[in-house]
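Engineer: The structure is given below, and queries will be raised subsequently.
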Amino acid sequence: MFGVVPFAKMAGRGLGKIFKGREAKERLEKEVDDLGLKKDGVDINVDDDGKVVISGEAMSQEMKEKIILAVGNVEGVGEVEDTASAKDGGAASQFHTVVSGDTLWKISKKYYGKGSRYPEIFEANRPMLTHPDKIYVGQVLRIPADNTDTASV
């Protein structure tokens with residue numbers, strides 16, 4: 001998945017008004033490190049308008065998507081441009097922006113047809129999510145590809 005992922009600029013983790021230059025880059029890299037995400041091979045840059053650009057090669061599609069969410073769900077970031085590749089070439093996830101009234105159960109029902117699969121979405125968004133009930137309006141979540149419909153050979 002390459003392209004631009006939109007985020008709610010006024011929502012997210014507050015790191016201060018830092019969205020220009022080297023300081024923004026350093027704070028976002030620290031955010032990724034603090035979450036324990038492996039950014040080896042991935043470069044994070046912030047342009048003068050506050051747009052974050054992810055480039056390089058991530059160890060996996062999942063890790064690349066988690067890095068996008070970690071930097072995008074920060075107050076002041078309005079979009080993340082994804083130009084990075086992934087070593088494993090895994091299936092791309094969908095992204096869902098939380099709206100008022102959303103719960104992981106409702107989101108799971110929308111994407112998977114079953115609310116009871118909400119733990120899959122919770123796990124796909126760890127460590128950014130620490131509890132299934134702690135999501136907020138404007139937050140963007142990973143919705144992993146639904147692999148349950150694949151036929152066995």
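Ligands are numbered from 1 in the order shown, residues from 1 within each chain, and chains are lettered A, B, ... in the order they appear in the structure tokens.
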Would you please extract all helix (DSSP H, G or I) residues from chain A, as assigned by DSSP on the backbone, and give them as a PyMOL selection string?

Structural biologist: chain A and resi 21-34+61-72+104-112+115-124

Engineer: Residues near Val46 of chain A, anyone? I mean within 10 Å using only C-alpha atoms, not counting same-chain ones fewer than 6 positions away, as a ChimeraX atom specification.

Structural biologist: /A:18-26,28,52-54,77,80-81

Engineer: Which one of A:Val74, A:Met63, A:Ile68, A:Ala124 sits closest to Lys87 of chain A if you count only C-alpha atoms?

Structural biologist: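 Ranking A:Val74, A:Met63, A:Ile68, A:Ala124 by distance to Lys87 of chain A, first place goes to A:Met63.
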
Engineer: Determine which residues of chain A receive a DSSP assignment of strand (DSSP E or B), computed from the backbone, and state them as a PyMOL selection string.

Structural biologist: chain A and resi 3-6+13+42-46+52-58+74+79-82+85-86+94-97+140-143

Engineer: Which residues are near segment 104-121 of chain A? Cut-off 7 Å, only C-alpha atoms, ignore same chain within fewer than 4 positions. Put them as a VMD selection string.

Structural biologist: chain A and resid 125 132 142 to 143 146

Engineer: Could you dump the residues just selected with C-alpha atoms as a PDB file, in the first residue's frame?

Structural biologist:
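The resulting file, selection18.pdb, is shown below:
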```pdb
ATOM      1  CA  ASN A 125      -3.377  -1.897  16.951  1.00  0.00           C
ATOM      2  CA  PRO A 132     -10.307  -2.233  23.864  1.00  0.00           C
ATOM      3  CA  ARG A 142      -5.633  -0.901  11.338  1.00  0.00           C
ATOM      4  CA  ILE A 143      -8.156  -3.436  10.139  1.00  0.00           C
ATOM      5  CA  ASP A 146      -9.837 -10.980   6.611  1.00  0.00           C
TER       6      ASP A 146
END
```

Engineer: Hey, which of A:Gly3, A:Pro144, A:Gly78, A:Gly138 ends up closest to Glu123 of chain A? Count only C-alpha atoms.

Structural biologist: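 Of A:Gly3, A:Pro144, A:Gly78, A:Gly138, the one nearest Glu123 of chain A is A:Pro144, counting only C-alpha atoms.
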
Engineer: Under the rule that only C-alpha atoms are counted, which of A:Lys38, A:Lys66, A:Lys9, A:His96 is the nearest residue to Met128 of chain A?

Structural biologist: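 For Met128 of chain A, the nearest of the candidates is A:Lys66.
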
Engineer: Counting only C-alpha atoms, what is within 12 Å of Ala86 of chain A, bar same-chain residues fewer than 6 positions away, as a ChimeraX atom specification?

Structural biologist: /A:1-2,39-42,54-65,67,92

Engineer: Which of these, A:Leu129, A:Ala84, A:Ala145, A:Leu69, has the shortest distance to Ala8 of chain A once you count only C-alpha atoms?

Structural biologist: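 Using only C-alpha atoms, the shortest distance to Ala8 of chain A belongs to A:Leu69.
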
Engineer: Mind giving me the straight-line distance from atom CA of Asn73 of chain A to atom CA of Phe95 of chain A in Å, one decimal?

Structural biologist: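 About the pair atom CA of Asn73 of chain A and atom CA of Phe95 of chain A: they are 12.1 Å apart.
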
Engineer: With distances taken over only C-alpha atoms, which residue among A:Leu35, A:Glu79, A:Ser100, A:His131 lies nearest Asp47 of chain A?

Structural biologist: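 Using only C-alpha atoms, the shortest distance to Asp47 of chain A belongs to A:Glu79.
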